[in-house]
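Worksheet: the structure to be examined is printed underneath.
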Amino acid sequence: ADTWLLSIIVGKGGATIKKLEQDSNCRFDIIKEEVTVVISGETEDIVQSGKAAVDEIVDQARKECIFTDIPESAMSAFIGKGGSGIKKFSSDNQVKMERINKLHSGTIKITGKEENVATARDAVVAWVMEWEASNEGISVDIDERIIPVVIGKGGETIRRIQKETGCKLDINRQQSTITAREGGSDNARKEAVSKVQTIIDEEMIQIAKRTAEKEQAEKARASVRSKSTENGGSEAPAGTTMKPPVTVSAGVKDRSSEFASKPVGWAPVNDQKKNGKSKKETKHVVNKLTRNRLLSDENISCEKDESGQLVYFYASPLGFSVQLDVQFDEEN
């Protein structure tokens, strides 16, 4: 993931991002959960200038810090006794090398000057090619989406296959392959690959099923919108607020529509007369789900389906919509 780039953009003590704001007259907001930088400025040209400055920092960072994969079964040979192997690679190429996530990863991080990092990467690739030539295995292609399934929670699945077959399974994310090595015999390696292939086939069926369900849901929503348009627009009950879409303009995210203007269940103070005098009394809000209460949340919208029934949708701030199965309490 590109999470590591956020710390580069911010800089030590926020020095880099402060300089960016001063030089570009933009505001830069970091959203760590989305690995996103939101750039705000008075004009589109100012925003584009700020974006160009961030792109320059990111491009340079990618040249001075790269990640390369090494087969897990080759890792011990690459690292060397007491780290002698990786230390020699680092010293010879004047870079820093370290293994990422020692438990379940064959990824090496290389940092240093741009030209040294490129040279070190080529040296590692050459070493891996030489190692693979002398340690042949049986490989199977795999979709990037299925790799986490083959690994399993905490590496449970891949460890089980390795224990059952005596083979070592190497994952190459760049080439999208899994290779079975060692194991003592060709049959053991074939068995390991067969177990992996079974997982791949089962997961591909599930992916196809989820894709079909998503497409069907999208078609249903499109049909509802089309029907609504033919009828001259959606007829929503009183109290419905139509939620405008979240827009992105020149790299600036308008996030104002992601929040409700008033909380769900909000009730006004009622003016009641008692003994001829006007008295303000706060009405107790019973915790019931009613249509007006639901639609006071601007993330909720409703449309009519083909049968004329109202269908309710929740628009997530993350950019997707979900149809709600709503059962209302009686409205008093």
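Identifiers in the structure tokens: chain A, B, ... in order shown; residue index from 1 per chain; ligand index from 1 in order shown.
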
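Excluding Thr43 in chain A itself and same-chain residues fewer than 3 positions from it, the residues having an atom within 10 Å of it are Cys26, Ser40, Ile46, Val47, Gln48 and Ala250 of chain A, counting only C-alpha atoms.
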
- request: List every residue of range 38-250 of chain A that DSSP, applied to the backbone, labels as helix (DSSP H, G or I), and write the result as a PyMOL selection string.
  value: chain A and resi 44-64+72-79+81-93+114-134+144-151+153-165+186-230

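Here the question is which of A:Glu298, A:Asp186, A:Glu115, A:Asp2 gets nearest to Gly137 in chain A using only C-alpha atoms, and that residue is A:Asp186.
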
Long-range neighbours of range 139-141 of chain A as an mmCIF file with C-alpha atoms, in the first residue's frame, 8 Å cut-off, only C-alpha atoms, 2 positions minimum in chain:
```
data_model
loop_
_atom_site.group_PDB
_atom_site.id
_atom_site.type_symbol
_atom_site.label_atom_id
_atom_site.label_comp_id
_atom_site.auth_asym_id
_atom_site.auth_seq_id
_atom_site.Cartn_x
_atom_site.Cartn_y
_atom_site.Cartn_z
ATOM 1 C CA GLY A 137 9.350 -25.574 -8.987
ATOM 2 C CA ASP A 143 -5.609 -13.496 -9.525
ATOM 3 C CA SER A 176 0.777 -13.136 -10.143
ATOM 4 C CA THR A 177 2.006 -16.694 -9.577
ATOM 5 C CA ILE A 178 2.389 -19.194 -6.740
ATOM 6 C CA THR A 179 5.244 -21.682 -7.022
ATOM 7 C CA ALA A 180 5.663 -24.941 -5.105
ATOM 8 C CA VAL A 193 -0.262 -26.818 -6.621
ATOM 9 C CA GLN A 197 -5.781 -24.539 -7.662
#
```

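For the set A:Arg121, A:Arg159, A:Lys190, A:Lys304, the residue with the smallest atom-to-atom gap to Ser226 in chain A is A:Lys304, counting only C-alpha atoms.
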
Please provide the set of residues having any atom within 10 Å of Glu191 in chain A, restricted to only C-alpha atoms, with same-chain residues fewer than 3 positions apart removed, written as a PDB file with all heavy atoms, in the first residue's frame.
```
ATOM      1  N   ILE A 161      -1.170 -26.104   3.892  1.00  0.00           N
ATOM      2  CA  ILE A 161      -0.803 -26.778   2.638  1.00  0.00           C
ATOM      3  C   ILE A 161       0.671 -27.169   2.659  1.00  0.00           C
ATOM      4  O   ILE A 161       1.044 -28.276   2.233  1.00  0.00           O
ATOM      5  CB  ILE A 161      -1.104 -25.864   1.431  1.00  0.00           C
ATOM      6  CG1 ILE A 161      -2.601 -25.597   1.329  1.00  0.00           C
ATOM      7  CG2 ILE A 161      -0.585 -26.485   0.136  1.00  0.00           C
ATOM      8  CD1 ILE A 161      -2.989 -24.604   0.254  1.00  0.00           C
ATOM      9  N   GLU A 164       1.102 -30.201   4.924  1.00  0.00           N
ATOM     10  CA  GLU A 164       0.534 -31.430   4.365  1.00  0.00           C
ATOM     11  C   GLU A 164       1.376 -31.998   3.231  1.00  0.00           C
ATOM     12  O   GLU A 164       1.415 -33.212   3.020  1.00  0.00           O
ATOM     13  CB  GLU A 164      -0.887 -31.167   3.868  1.00  0.00           C
ATOM     14  CG  GLU A 164      -1.892 -30.908   4.989  1.00  0.00           C
ATOM     15  CD  GLU A 164      -3.253 -30.475   4.460  1.00  0.00           C
ATOM     16  OE1 GLU A 164      -3.380 -30.247   3.233  1.00  0.00           O
ATOM     17  OE2 GLU A 164      -4.196 -30.369   5.275  1.00  0.00           O
ATOM     18  N   THR A 165       2.022 -31.133   2.469  1.00  0.00           N
ATOM     19  CA  THR A 165       2.767 -31.591   1.285  1.00  0.00           C
ATOM     20  C   THR A 165       4.279 -31.581   1.474  1.00  0.00           C
ATOM     21  O   THR A 165       5.006 -32.201   0.692  1.00  0.00           O
ATOM     22  CB  THR A 165       2.423 -30.698   0.073  1.00  0.00           C
ATOM     23  OG1 THR A 165       2.821 -29.345   0.349  1.00  0.00           O
ATOM     24  CG2 THR A 165       0.924 -30.737  -0.217  1.00  0.00           C
ATOM     25  N   GLY A 166       4.760 -30.869   2.490  1.00  0.00           N
ATOM     26  CA  GLY A 166       6.210 -30.756   2.688  1.00  0.00           C
ATOM     27  C   GLY A 166       6.861 -29.780   1.727  1.00  0.00           C
ATOM     28  O   GLY A 166       8.098 -29.691   1.667  1.00  0.00           O
ATOM     29  N   CYS A 167       6.051 -29.045   0.970  1.00  0.00           N
ATOM     30  CA  CYS A 167       6.586 -28.086  -0.010  1.00  0.00           C
ATOM     31  C   CYS A 167       6.601 -26.675   0.569  1.00  0.00           C
ATOM     32  O   CYS A 167       5.940 -26.381   1.563  1.00  0.00           O
ATOM     33  CB  CYS A 167       5.736 -28.094  -1.281  1.00  0.00           C
ATOM     34  SG  CYS A 167       5.764 -29.653  -2.172  1.00  0.00           S
ATOM     35  N   ALA A 180       5.370 -23.921  -6.111  1.00  0.00           N
ATOM     36  CA  ALA A 180       5.663 -24.941  -5.105  1.00  0.00           C
ATOM     37  C   ALA A 180       7.085 -25.437  -5.320  1.00  0.00           C
ATOM     38  O   ALA A 180       7.428 -25.904  -6.408  1.00  0.00           O
ATOM     39  CB  ALA A 180       4.672 -26.092  -5.206  1.00  0.00           C
ATOM     40  N   ASP A 186       8.485 -34.555  -7.149  1.00  0.00           N
ATOM     41  CA  ASP A 186       7.649 -33.811  -8.083  1.00  0.00           C
ATOM     42  C   ASP A 186       6.172 -34.002  -7.741  1.00  0.00           C
ATOM     43  O   ASP A 186       5.373 -33.081  -7.902  1.00  0.00           O
ATOM     44  CB  ASP A 186       7.933 -34.289  -9.513  1.00  0.00           C
ATOM     45  CG  ASP A 186       7.309 -33.383 -10.560  1.00  0.00           C
ATOM     46  OD1 ASP A 186       7.543 -32.157 -10.491  1.00  0.00           O
ATOM     47  OD2 ASP A 186       6.572 -33.884 -11.425  1.00  0.00           O
ATOM     48  N   ASN A 187       5.817 -35.215  -7.262  1.00  0.00           N
ATOM     49  CA  ASN A 187       4.424 -35.484  -6.897  1.00  0.00           C
ATOM     50  C   ASN A 187       3.967 -34.592  -5.742  1.00  0.00           C
ATOM     51  O   ASN A 187       2.817 -34.145  -5.713  1.00  0.00           O
ATOM     52  CB  ASN A 187       4.250 -36.955  -6.517  1.00  0.00           C
ATOM     53  CG  ASN A 187       4.307 -37.879  -7.730  1.00  0.00           C
ATOM     54  OD1 ASN A 187       4.022 -37.445  -8.855  1.00  0.00           O
ATOM     55  ND2 ASN A 187       4.680 -39.135  -7.527  1.00  0.00           N
ATOM     56  N   ALA A 188       4.849 -34.356  -4.786  1.00  0.00           N
ATOM     57  CA  ALA A 188       4.504 -33.493  -3.648  1.00  0.00           C
ATOM     58  C   ALA A 188       4.247 -32.077  -4.128  1.00  0.00           C
ATOM     59  O   ALA A 188       3.306 -31.414  -3.660  1.00  0.00           O
ATOM     60  CB  ALA A 188       5.627 -33.514  -2.622  1.00  0.00           C
ATOM     61  N   SER A 194      -2.075 -28.449  -6.744  1.00  0.00           N
ATOM     62  CA  SER A 194      -3.468 -28.885  -6.900  1.00  0.00           C
ATOM     63  C   SER A 194      -4.341 -28.315  -5.787  1.00  0.00           C
ATOM     64  O   SER A 194      -5.471 -27.861  -6.032  1.00  0.00           O
ATOM     65  CB  SER A 194      -3.545 -30.409  -6.889  1.00  0.00           C
ATOM     66  OG  SER A 194      -4.892 -30.856  -6.949  1.00  0.00           O
ATOM     67  N   LYS A 195      -3.839 -28.305  -4.560  1.00  0.00           N
ATOM     68  CA  LYS A 195      -4.595 -27.748  -3.438  1.00  0.00           C
ATOM     69  C   LYS A 195      -4.806 -26.245  -3.624  1.00  0.00           C
ATOM     70  O   LYS A 195      -5.888 -25.717  -3.320  1.00  0.00           O
ATOM     71  CB  LYS A 195      -3.858 -28.026  -2.118  1.00  0.00           C
ATOM     72  CG  LYS A 195      -3.875 -29.500  -1.692  1.00  0.00           C
ATOM     73  CD  LYS A 195      -3.090 -29.703  -0.418  1.00  0.00           C
ATOM     74  CE  LYS A 195      -3.107 -31.153   0.037  1.00  0.00           C
ATOM     75  NZ  LYS A 195      -4.465 -31.603   0.485  1.00  0.00           N
ATOM     76  N   VAL A 196      -3.777 -25.574  -4.109  1.00  0.00           N
ATOM     77  CA  VAL A 196      -3.900 -24.135  -4.365  1.00  0.00           C
ATOM     78  C   VAL A 196      -4.920 -23.883  -5.472  1.00  0.00           C
ATOM     79  O   VAL A 196      -5.749 -22.975  -5.376  1.00  0.00           O
ATOM     80  CB  VAL A 196      -2.531 -23.529  -4.748  1.00  0.00           C
ATOM     81  CG1 VAL A 196      -2.704 -22.085  -5.222  1.00  0.00           C
ATOM     82  CG2 VAL A 196      -1.575 -23.572  -3.578  1.00  0.00           C
ATOM     83  N   GLN A 197      -4.870 -24.699  -6.533  1.00  0.00           N
ATOM     84  CA  GLN A 197      -5.781 -24.539  -7.662  1.00  0.00           C
ATOM     85  C   GLN A 197      -7.233 -24.734  -7.231  1.00  0.00           C
ATOM     86  O   GLN A 197      -8.134 -24.032  -7.713  1.00  0.00           O
ATOM     87  CB  GLN A 197      -5.431 -25.526  -8.771  1.00  0.00           C
ATOM     88  CG  GLN A 197      -6.206 -25.306 -10.068  1.00  0.00           C
ATOM     89  CD  GLN A 197      -5.894 -23.962 -10.719  1.00  0.00           C
ATOM     90  OE1 GLN A 197      -4.746 -23.686 -11.039  1.00  0.00           O
ATOM     91  NE2 GLN A 197      -6.919 -23.137 -10.906  1.00  0.00           N
TER      92      GLN A 197
END
```

message: If I take CA of Arg181 in chain A and CA of Gly154 in chain A, how far is one from the other in Å, to one decimal?
response: 21.4 Å

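Separating CA of Ala77 in chain A from CA of Arg145 in chain A is a distance of 29.1 Å.
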
task: Measuring atom to atom with only C-alpha atoms, identify which of A:Glu56, A:Glu144, A:Glu64, A:Glu202 is nearest to Asn116 in chain A.
output: A:Glu64

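Considering only C-alpha atoms, the residue among A:Leu20, A:Ile200, A:Ala208, A:Thr111 positioned nearest to Pro148 in chain A is A:Ile200.
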